[in-house]
Amino acid sequence: MTTARSRRAQRPTPYIARIGMTSLALSLTLAFGMAPEAAMAQESPVRVSIRSQPLGDALLQLGKQTSLQIFFSQSVVAGLTAHDVAGNLQPEDALQQLLQGTGIKYARSGNNITLTSPQSAAAAATAATATTTATAQLAPVMIKGGILGDLSAPYAGGQLATGGSLGLLGAEDIMDSPFSTVNYTSELLYDQQARTLADVVVNDASVRTLTSTGGFGEDFQIRGFPVGSGDVSVNGLYGLVSSSRVPVQILERVEVLKGPGTLMRGIPPNGSVGGSINVVTKRADDEPLTRVTGSYASEKNLTAQLDLGRRFGEDNAWGVRFNGVVRGGEATTRDGEQKLGMAALGVDYRGERLRWSMDAIHQEDVLENIRSQLGFDKSVTELPDPPDGRTNFYPGTRLTQRDSTVMSRLEYDFTDKVTAHVGVGYREGNNRQIFPVNVVPGSPPNRQSADADGNFSVMTTYYDSYSKTLSSDAGLTADFDTGAIGHRVALGLTYMDQELGNAYSAGTIDVPSNIYNPTPLPPGPADRLSPKRASQTSLTSYAVSDTLSFADDRVLLTLGARHQTVDVNSYSTTTGARTSGYRASAVSPVAGIVFKPLDYVSIYGNFTQGLTRGTIVGQNYANQGEVLDPYKSKQYETGVKVDWGDITTTLAFWQIARPAGQEDDNNVYGYFGEQRNRGVELTAFGELLPGLRLMASAAYTQGKLTKTQDGVNEGNRAPGVPTSTYNLGLDWDTPWVEGLSLNGRVLRTSSVYLNNTNTLRLPSLTRFDVGARYRTKIAGKAVVIRANIENLTDKRYWLASNSFATNGAGRTYMLSASVNF
């Protein structure tokens, strides 16, 4: 095992020349036999930022932020708290500040630090010169970043990580990756009081949500292409989280990859090409955890959460992490109810060569008076003003959702260079919906449309569904050299089988309504049908990749390909007969390169190709139930990443092209033409100053329809794609009140078109969020109080998803208190 290390010691500071000379002098001195103690005395200071917290957790942070490898037993640090330590410090000076007043002694040998209590100081001197085996007899705890492959260390500021998992390619530092990635830490999730995954991913300008809080589900957009909740992977496996929304209480990390991720994890169930989202579940840390959190969100929505973690056994090999959540009360829609009951259990084992984990998650949601989407008639050329953010277009809607998931993963190191893994999971989900359907004279009853004044007629239907998903992957990685060239070869297999069923019970009574004065839904149909199988999908693939390193790792070349087979069948939910289907195979290649002219500069480029399973045409179209052929998408990307020390900046240029799904004049849905998105992205994150954290990004996108059928809408802007998006987030530890931090965030999105003809436009929007938190101690217990306001100005705005729109949530107050017992 190795300790978690930060890239911080390798990053440049503004005094690059001085540090370069210092490094040269140190190297020459060591070459001539300088004593280790003298060498350590000339260690270059590094940026350290550690808040007051339990001493074991603080030592974990120090191990991530410096090159020190720290060993200790739990009895040494039990019950002790570290004070704030921040500044440009030599690693050993930072350690001394953390240990000040604790009475703990330490012995150092190179970068290895062994901690002992005052009563066993003599043993520390012996341990400092002992072999690794002798050290292990002290029952030390390695300062690690995670289980099943260490989680990458947090970057300066703690909001983002220095890297993340890329499936087949393994965990990669962002400076070594030829792709654009963003990796959010649990610290960010807590400090922003995120409720679901959607609250997290919007921190990057390349990602936007297409639906608002309290809707039937959550849909995202990455690089201008939609990504549904059903395409979110958990611990690398698709189809195992709720297809509606993912609560953050189960999450340790959120990893966002921009661009097709077919090579990394295979085909996502719904074929997203703009990017992919992977969430990492929680594991028990070495420091015992008992945290109780109570939360309030307007209007009158209350949440209680218990987060419990323990490790036990020799060397803390076994770990258990439990999270339980209960939520209820009115939230962001008038007379709405948002209930959540969730229990998540994570168990893991970490041995010298064997690592194993298991997760069991059960989630139940009940939403009443849901924030629903609305379509507009084709004759509408200007949208009506959006109504109040608490307005529900359809009083009487209801969603009941139940999801149960169990998954497991096993890793084994055959040698220090060869590792194998296997993962498997199963999920069952059930939804029951009281669903609104708009009726417009002269239009089919399932065409959801309103006129320019917001008038429509609505009837009640029941739409119930289920899903059964088996998802698995296996792989083998090997590191070796051929002469001066290093290799990291990976082989992988994935298999996913998913059965979807539904039942649509149509109503017969319609009533007039208006978006500003909604009418309650009329009585529903007399009979409610039971869901029957509608589709069966099998996705099978095998992949190989090789990451070659040249010139002392200054050039990294990644080559790989995934062979995929898509087998999709559609069935009648009334007769059970197969109505259509296909079986197709294709190979998706990937090539990526990273060139490091300097240690802190990475110039990169990639070509990726994604394969998407064919769409099963929905009930709104004349060819409903038809299964369209699978299609390929291509991405070209190049850019540069610079790690300035406490700030990392990136610049990326990219293009993604895929077939464009749309309807023709006969209301037939198909792939008519191509949607080509091109863009430029800029990001910056880290610490501007000690205690001042930054997340800033901008994205400029040209979404265009090309190669259209008979030239119809040729050159038009792709619907739903903003030309520009901007994010700016700051988080500041105030100097005048110890423990008080203030934060703010601005999200700007330009206007978008709602249709292919570019005749209906949604205006641009700017949203302001603010917050504060206070860390203190009450009765000897660590307490964090957080307060946030989303949509501070109570901005009224529309959000677009496909051809539908919904009103965004209004001003929302959130207050929480967490206590560590």
# chains A, B, ... in the order shown; residues from 1 in each chain; ligands from 1
>>> select_by_dssp(residues="region 160-351 of chain A", states="alpha helix (DSSP H)", output="number ranges by chain")
A: 186-191, 197-201, 262-265
>>> write_last_selection(atoms="all heavy atoms", output="CSV table (one decimal), in the first residue's frame")
chain,number,residue,atom,x,y,z
A,186,SER,N,-17.0,15.5,-1.8
A,186,SER,CA,-18.1,15.5,-0.8
A,186,SER,C,-18.2,16.9,-0.1
A,186,SER,O,-19.3,17.3,0.4
A,186,SER,CB,-18.1,14.4,0.1
A,186,SER,OG,-16.8,14.4,0.9
A,187,GLU,N,-17.0,17.5,0.1
A,187,GLU,CA,-17.0,18.8,0.8
A,187,GLU,C,-17.9,19.8,0.1
A,187,GLU,O,-18.6,20.6,0.7
A,187,GLU,CB,-15.6,19.3,1.0
A,187,GLU,CG,-15.5,20.6,1.7
A,187,GLU,CD,-14.0,21.0,1.9
A,187,GLU,OE1,-13.1,20.2,1.7
A,187,GLU,OE2,-13.8,22.2,2.3
A,188,LEU,N,-17.7,19.8,-1.2
A,188,LEU,CA,-18.6,20.8,-2.0
A,188,LEU,C,-20.0,20.4,-1.9
A,188,LEU,O,-20.9,21.3,-1.7
A,188,LEU,CB,-18.1,20.7,-3.5
A,188,LEU,CG,-19.0,21.5,-4.4
A,188,LEU,CD1,-18.7,23.0,-4.4
A,188,LEU,CD2,-18.9,21.0,-5.9
A,189,LEU,N,-20.4,19.2,-1.9
A,189,LEU,CA,-21.8,18.7,-1.9
A,189,LEU,C,-22.4,19.2,-0.6
A,189,LEU,O,-23.5,19.7,-0.5
A,189,LEU,CB,-21.9,17.2,-2.0
A,189,LEU,CG,-22.0,16.6,-3.4
A,189,LEU,CD1,-20.7,17.0,-4.2
A,189,LEU,CD2,-22.1,15.1,-3.3
A,190,TYR,N,-21.6,19.1,0.6
A,190,TYR,CA,-22.2,19.5,1.8
A,190,TYR,C,-22.3,21.0,1.9
A,190,TYR,O,-23.3,21.6,2.3
A,190,TYR,CB,-21.3,19.0,3.0
A,190,TYR,CG,-21.7,17.7,3.5
A,190,TYR,CD1,-20.9,16.5,3.1
A,190,TYR,CD2,-22.7,17.5,4.3
A,190,TYR,CE1,-21.3,15.3,3.6
A,190,TYR,CE2,-23.1,16.2,4.8
A,190,TYR,CZ,-22.4,15.1,4.4
A,190,TYR,OH,-22.7,13.9,4.9
A,191,ASP,N,-21.2,21.7,1.5
A,191,ASP,CA,-21.2,23.2,1.7
A,191,ASP,C,-22.2,23.9,0.8
A,191,ASP,O,-22.7,25.0,1.2
A,191,ASP,CB,-19.8,23.7,1.4
A,191,ASP,CG,-18.8,23.4,2.5
A,191,ASP,OD1,-19.3,22.9,3.6
A,191,ASP,OD2,-17.6,23.5,2.3
A,197,LEU,N,-28.3,15.2,-7.6
A,197,LEU,CA,-27.1,15.3,-8.5
A,197,LEU,C,-27.2,16.5,-9.3
A,197,LEU,O,-26.1,17.1,-9.6
A,197,LEU,CB,-27.1,14.0,-9.4
A,197,LEU,CG,-26.0,13.9,-10.4
A,197,LEU,CD1,-24.6,13.9,-9.7
A,197,LEU,CD2,-26.2,12.7,-11.2
A,198,ALA,N,-28.4,17.0,-9.7
A,198,ALA,CA,-28.5,18.2,-10.5
A,198,ALA,C,-27.9,19.4,-9.9
A,198,ALA,O,-27.4,20.3,-10.6
A,198,ALA,CB,-30.0,18.4,-10.8
A,199,ASP,N,-28.0,19.5,-8.5
A,199,ASP,CA,-27.5,20.7,-7.9
A,199,ASP,C,-25.9,20.7,-7.9
A,199,ASP,O,-25.3,21.8,-7.7
A,199,ASP,CB,-27.9,20.7,-6.4
A,199,ASP,CG,-29.4,20.8,-6.2
A,199,ASP,OD1,-30.0,21.4,-7.0
A,199,ASP,OD2,-29.9,20.2,-5.2
A,200,VAL,N,-25.3,19.6,-8.2
A,200,VAL,CA,-23.8,19.5,-8.2
A,200,VAL,C,-23.3,19.8,-9.6
A,200,VAL,O,-22.4,20.7,-9.7
A,200,VAL,CB,-23.4,18.1,-7.8
A,200,VAL,CG1,-21.9,18.0,-7.8
A,200,VAL,CG2,-23.9,17.8,-6.4
A,201,VAL,N,-23.8,19.2,-10.6
A,201,VAL,CA,-23.2,19.2,-12.0
A,201,VAL,C,-23.3,20.6,-12.6
A,201,VAL,O,-22.5,20.9,-13.5
A,201,VAL,CB,-23.7,18.2,-12.9
A,201,VAL,CG1,-23.4,16.8,-12.4
A,201,VAL,CG2,-25.3,18.3,-13.1
A,262,THR,N,-17.7,6.1,-24.5
A,262,THR,CA,-18.0,4.7,-24.8
A,262,THR,C,-16.8,3.8,-24.5
A,262,THR,O,-17.0,2.7,-24.0
A,262,THR,CB,-18.3,4.6,-26.3
A,262,THR,OG1,-19.5,5.5,-26.6
A,262,THR,CG2,-18.6,3.2,-26.7
A,263,LEU,N,-15.6,4.3,-24.8
A,263,LEU,CA,-14.4,3.4,-24.5
A,263,LEU,C,-14.3,3.1,-23.0
A,263,LEU,O,-14.0,2.0,-22.6
A,263,LEU,CB,-13.1,4.1,-25.0
A,263,LEU,CG,-11.9,3.3,-24.6
A,263,LEU,CD1,-11.8,2.0,-25.4
A,263,LEU,CD2,-10.6,4.1,-24.7
A,264,MET,N,-14.6,4.2,-22.2
A,264,MET,CA,-14.4,4.0,-20.7
A,264,MET,C,-15.3,3.0,-20.1
A,264,MET,O,-14.9,2.2,-19.3
A,264,MET,CB,-14.5,5.4,-20.0
A,264,MET,CG,-13.4,6.4,-20.4
A,264,MET,SD,-13.6,7.0,-22.1
A,264,MET,CE,-12.6,8.4,-22.1
A,265,ARG,N,-16.6,3.1,-20.4
A,265,ARG,CA,-17.6,2.3,-19.6
A,265,ARG,C,-18.6,1.6,-20.5
A,265,ARG,O,-19.5,1.0,-20.0
A,265,ARG,CB,-18.3,3.2,-18.6
A,265,ARG,CG,-17.4,3.7,-17.5
A,265,ARG,CD,-18.2,4.4,-16.4
A,265,ARG,NE,-17.2,4.9,-15.4
A,265,ARG,CZ,-16.7,6.1,-15.3
A,265,ARG,NH1,-17.0,7.0,-16.3
A,265,ARG,NH2,-15.9,6.4,-14.4
>>> closest_atom_pairs(of="region 189-265 of chain A", to="region 289-308 of chain A", cutoff="10 Å", atoms="only C-alpha atoms", output="Markdown table")
| residue | atom | partner | partner_atom | distance |
| --- | --- | --- | --- | --- |
| A:Gln193 | CA | A:Ser295 | CA | 8.9 |
| A:Arg195 | CA | A:Ala297 | CA | 10.0 |
| A:Gln249 | CA | A:Gln305 | CA | 8.1 |
| A:Ile250 | CA | A:Asp307 | CA | 9.5 |
>>> write_last_selection(atoms="N, CA and C atoms", output="short mmCIF file (atom, residue, chain, number, x, y, z; two decimals), in the first residue's frame")
data_model
loop_
_atom_site.label_atom_id
_atom_site.label_comp_id
_atom_site.auth_asym_id
_atom_site.auth_seq_id
_atom_site.Cartn_x
_atom_site.Cartn_y
_atom_site.Cartn_z
N GLN A 193 -25.10 22.55 0.10
CA GLN A 193 -26.38 21.96 0.49
C GLN A 193 -27.09 21.36 -0.73
N ARG A 195 -29.04 18.89 -2.94
CA ARG A 195 -30.08 17.92 -2.60
C ARG A 195 -30.03 16.70 -3.52
N GLN A 249 -26.98 12.16 -0.72
CA GLN A 249 -26.58 11.58 0.56
C GLN A 249 -25.80 10.28 0.41
N ILE A 250 -25.84 9.65 -0.76
CA ILE A 250 -25.09 8.41 -0.96
C ILE A 250 -23.74 8.68 -1.62
#
>>> atom_distance(atom1="CA of Phe72 (chain A)", atom2="CA of Phe312 (chain A)")
14.9 Å
>>> closest_residue(among="A:Ser801, A:Thr759, A:Phe179, A:Phe393", to="Ser379 (chain A)", atoms="only C-alpha atoms")
A:Thr759
>>> residues_around(residues="Gly266 (chain A)", least_positions_apart="3", cutoff="12 Å", atoms="only C-alpha atoms", output="PyMOL selection string")
chain A and resi 166-168+231+233+236-239+260-263+269-273+276+471-474+492-496+538-544+561-566+586-589+609-613
>>> residues_around(residues="region 696-701 of chain A", least_positions_apart="3", cutoff="7 Å", atoms="only C-alpha atoms", output="ChimeraX atom specification")
/A:204-206,677-685,722-729
>>> write_last_selection(atoms="N, CA, C and O atoms", output="compact mmCIF listing (two decimals), in the first residue's frame")
# COMPACT_ATOMS: atom_id res chain seq x y z
N ASP A 204 -20.37 23.63 -13.45
CA ASP A 204 -19.53 23.80 -14.64
C ASP A 204 -20.39 24.36 -15.77
O ASP A 204 -21.50 23.90 -16.00
N ALA A 205 -19.85 25.34 -16.49
CA ALA A 205 -20.63 26.02 -17.52
C ALA A 205 -20.98 25.12 -18.69
O ALA A 205 -21.92 25.42 -19.43
N SER A 206 -20.25 24.02 -18.88
CA SER A 206 -20.56 23.11 -19.98
C SER A 206 -21.73 22.19 -19.67
O SER A 206 -22.17 21.44 -20.53
N ASN A 677 -22.19 20.16 -32.99
CA ASN A 677 -21.88 21.15 -31.97
C ASN A 677 -20.37 21.38 -31.94
O ASN A 677 -19.59 20.42 -31.87
N ARG A 678 -19.99 22.65 -31.99
CA ARG A 678 -18.59 23.04 -31.84
C ARG A 678 -18.49 24.02 -30.69
O ARG A 678 -19.40 24.82 -30.47
N GLY A 679 -17.37 23.95 -29.95
CA GLY A 679 -17.30 24.84 -28.81
C GLY A 679 -15.91 25.12 -28.31
O GLY A 679 -14.93 24.47 -28.68
N VAL A 680 -15.86 26.12 -27.42
CA VAL A 680 -14.66 26.51 -26.70
C VAL A 680 -15.02 26.57 -25.22
O VAL A 680 -16.06 27.13 -24.86
N GLU A 681 -14.18 25.99 -24.37
CA GLU A 681 -14.43 25.97 -22.94
C GLU A 681 -13.22 26.51 -22.19
O GLU A 681 -12.08 26.20 -22.53
N LEU A 682 -13.48 27.32 -21.16
CA LEU A 682 -12.43 27.83 -20.30
C LEU A 682 -12.84 27.57 -18.85
O LEU A 682 -14.00 27.82 -18.48
N THR A 683 -11.92 27.08 -18.04
CA THR A 683 -12.22 26.83 -16.64
C THR A 683 -11.05 27.26 -15.77
O THR A 683 -9.90 27.30 -16.22
N ALA A 684 -11.35 27.59 -14.52
CA ALA A 684 -10.34 27.89 -13.51
C ALA A 684 -10.91 27.47 -12.16
O ALA A 684 -12.07 27.76 -11.86
N PHE A 685 -10.10 26.77 -11.37
CA PHE A 685 -10.56 26.36 -10.05
C PHE A 685 -9.38 26.23 -9.10
O PHE A 685 -8.24 26.05 -9.53
N PRO A 722 -27.57 26.51 -25.93
CA PRO A 722 -27.22 27.92 -25.73
C PRO A 722 -25.88 28.23 -26.41
O PRO A 722 -24.98 27.39 -26.45
N THR A 723 -25.76 29.44 -26.94
CA THR A 723 -24.49 29.83 -27.57
C THR A 723 -23.42 30.16 -26.55
O THR A 723 -22.22 30.05 -26.85
N SER A 724 -23.81 30.54 -25.34
CA SER A 724 -22.82 30.84 -24.31
C SER A 724 -23.40 30.57 -22.93
O SER A 724 -24.59 30.78 -22.68
N THR A 725 -22.53 30.08 -22.05
CA THR A 725 -22.88 29.87 -20.65
C THR A 725 -21.69 30.29 -19.80
O THR A 725 -20.53 30.11 -20.20
N TYR A 726 -21.99 30.84 -18.62
CA TYR A 726 -20.94 31.33 -17.73
C TYR A 726 -21.25 30.91 -16.30
O TYR A 726 -22.42 30.93 -15.88
N ASN A 727 -20.22 30.57 -15.56
CA ASN A 727 -20.34 30.28 -14.13
C ASN A 727 -19.24 31.01 -13.38
O ASN A 727 -18.10 31.08 -13.84
N LEU A 728 -19.58 31.54 -12.21
CA LEU A 728 -18.58 32.10 -11.31
C LEU A 728 -19.01 31.79 -9.89
O LEU A 728 -20.10 32.18 -9.46
N GLY A 729 -18.16 31.07 -9.17
CA GLY A 729 -18.44 30.74 -7.78
C GLY A 729 -17.26 31.07 -6.89
O GLY A 729 -16.11 30.77 -7.23
>>> closest_residue(among="A:Ala506, A:Val241, A:Ser549, A:Arg371", to="Leu529 (chain A)", atoms="only C-alpha atoms")
A:Ala506
>>> residues_around(residues="Thr400 (chain A)", least_positions_apart="2", cutoff="10 Å", atoms="only C-alpha atoms", output="ChimeraX atom specification")
/A:216,339,364-368,398,402,430-434,464
>>> select_by_dssp(residues="region 677-775 of chain A", states="strand (DSSP E)", output="number ranges by chain")
A: 677-689, 692-706, 724-733, 740-749, 752-753, 761-762, 765-775
>>> closest_residue(among="A:Ser357, A:Ser816, A:Ser165, A:Asn455", to="Asn788 (chain A)", atoms="only C-alpha atoms")
A:Ser816
>>> atom_distance(atom1="CA of Tyr604 (chain A)", atom2="CA of Asn183 (chain A)")
18.4 Å
>>> residues_around(residues="Thr508 (chain A)", least_positions_apart="5", cutoff="10 Å", atoms="only C-alpha atoms", output="PyMOL selection string")
chain A and resi 445+459-461+522-526
>>> decode(residues="region 442-503 of chain A", atoms="C-alpha atoms", output="PDB file, in the first residue's frame")
ATOM      1  CA  GLY A 442     -57.757  19.518 -34.056  1.00  0.00           C
ATOM      2  CA  SER A 443     -54.653  17.887 -32.585  1.00  0.00           C
ATOM      3  CA  PRO A 444     -54.092  14.305 -31.412  1.00  0.00           C
ATOM      4  CA  PRO A 445     -54.996  13.946 -27.723  1.00  0.00           C
ATOM      5  CA  ASN A 446     -51.412  13.173 -26.748  1.00  0.00           C
ATOM      6  CA  ARG A 447     -49.939  16.298 -28.306  1.00  0.00           C
ATOM      7  CA  GLN A 448     -49.023  18.482 -25.339  1.00  0.00           C
ATOM      8  CA  SER A 449     -49.553  22.058 -26.551  1.00  0.00           C
ATOM      9  CA  ALA A 450     -50.530  25.467 -25.237  1.00  0.00           C
ATOM     10  CA  ASP A 451     -51.288  28.631 -27.223  1.00  0.00           C
ATOM     11  CA  ALA A 452     -49.481  31.976 -27.111  1.00  0.00           C
ATOM     12  CA  ASP A 453     -51.566  33.102 -24.122  1.00  0.00           C
ATOM     13  CA  GLY A 454     -50.851  29.958 -22.118  1.00  0.00           C
ATOM     14  CA  ASN A 455     -54.293  28.409 -22.663  1.00  0.00           C
ATOM     15  CA  PHE A 456     -54.691  24.663 -22.967  1.00  0.00           C
ATOM     16  CA  SER A 457     -57.034  21.826 -22.129  1.00  0.00           C
ATOM     17  CA  VAL A 458     -55.932  18.911 -19.993  1.00  0.00           C
ATOM     18  CA  MET A 459     -57.098  15.434 -19.088  1.00  0.00           C
ATOM     19  CA  THR A 460     -55.790  12.908 -16.568  1.00  0.00           C
ATOM     20  CA  THR A 461     -54.012   9.699 -17.463  1.00  0.00           C
ATOM     21  CA  TYR A 462     -52.153   7.044 -15.519  1.00  0.00           C
ATOM     22  CA  TYR A 463     -48.650   6.211 -16.672  1.00  0.00           C
ATOM     23  CA  ASP A 464     -47.006   3.431 -14.697  1.00  0.00           C
ATOM     24  CA  SER A 465     -43.685   1.755 -15.438  1.00  0.00           C
ATOM     25  CA  TYR A 466     -41.016  -0.601 -14.168  1.00  0.00           C
ATOM     26  CA  SER A 467     -37.404  -1.424 -14.940  1.00  0.00           C
ATOM     27  CA  LYS A 468     -35.166  -4.396 -14.194  1.00  0.00           C
ATOM     28  CA  THR A 469     -31.449  -3.945 -14.834  1.00  0.00           C
ATOM     29  CA  LEU A 470     -28.486  -6.279 -14.521  1.00  0.00           C
ATOM     30  CA  SER A 471     -25.164  -4.514 -15.053  1.00  0.00           C
ATOM     31  CA  SER A 472     -21.629  -5.885 -14.857  1.00  0.00           C
ATOM     32  CA  ASP A 473     -18.051  -5.338 -15.908  1.00  0.00           C
ATOM     33  CA  ALA A 474     -14.717  -7.109 -15.559  1.00  0.00           C
ATOM     34  CA  GLY A 475     -11.204  -6.168 -16.455  1.00  0.00           C
ATOM     35  CA  LEU A 476      -7.476  -6.685 -16.191  1.00  0.00           C
ATOM     36  CA  THR A 477      -4.739  -4.032 -16.118  1.00  0.00           C
ATOM     37  CA  ALA A 478      -0.997  -4.525 -16.430  1.00  0.00           C
ATOM     38  CA  ASP A 479       1.888  -2.062 -16.143  1.00  0.00           C
ATOM     39  CA  PHE A 480       5.180  -2.898 -17.836  1.00  0.00           C
ATOM     40  CA  ASP A 481       8.013  -1.394 -19.872  1.00  0.00           C
ATOM     41  CA  THR A 482       9.390  -2.198 -23.298  1.00  0.00           C
ATOM     42  CA  GLY A 483      12.746  -0.514 -23.322  1.00  0.00           C
ATOM     43  CA  ALA A 484      12.271   3.201 -22.637  1.00  0.00           C
ATOM     44  CA  ILE A 485       8.509   3.030 -23.260  1.00  0.00           C
ATOM     45  CA  GLY A 486       6.082   2.461 -20.428  1.00  0.00           C
ATOM     46  CA  HIS A 487       2.751   0.712 -20.951  1.00  0.00           C
ATOM     47  CA  ARG A 488      -0.497   0.503 -19.055  1.00  0.00           C
ATOM     48  CA  VAL A 489      -2.577  -2.096 -20.872  1.00  0.00           C
ATOM     49  CA  ALA A 490      -6.218  -2.646 -19.940  1.00  0.00           C
ATOM     50  CA  LEU A 491      -8.714  -5.289 -21.050  1.00  0.00           C
ATOM     51  CA  GLY A 492     -12.387  -4.917 -20.226  1.00  0.00           C
ATOM     52  CA  LEU A 493     -15.764  -6.606 -20.647  1.00  0.00           C
ATOM     53  CA  THR A 494     -19.203  -5.086 -19.966  1.00  0.00           C
ATOM     54  CA  TYR A 495     -22.690  -6.540 -20.064  1.00  0.00           C
ATOM     55  CA  MET A 496     -26.008  -4.881 -19.309  1.00  0.00           C
ATOM     56  CA  ASP A 497     -29.482  -6.352 -19.658  1.00  0.00           C
ATOM     57  CA  GLN A 498     -32.458  -4.060 -19.097  1.00  0.00           C
ATOM     58  CA  GLU A 499     -36.172  -4.789 -19.275  1.00  0.00           C
ATOM     59  CA  LEU A 500     -38.583  -1.854 -19.352  1.00  0.00           C
ATOM     60  CA  GLY A 501     -42.328  -2.082 -18.987  1.00  0.00           C
ATOM     61  CA  ASN A 502     -45.179   0.421 -18.899  1.00  0.00           C
ATOM     62  CA  ALA A 503     -48.920   0.883 -18.918  1.00  0.00           C
TER      63      ALA A 503
END
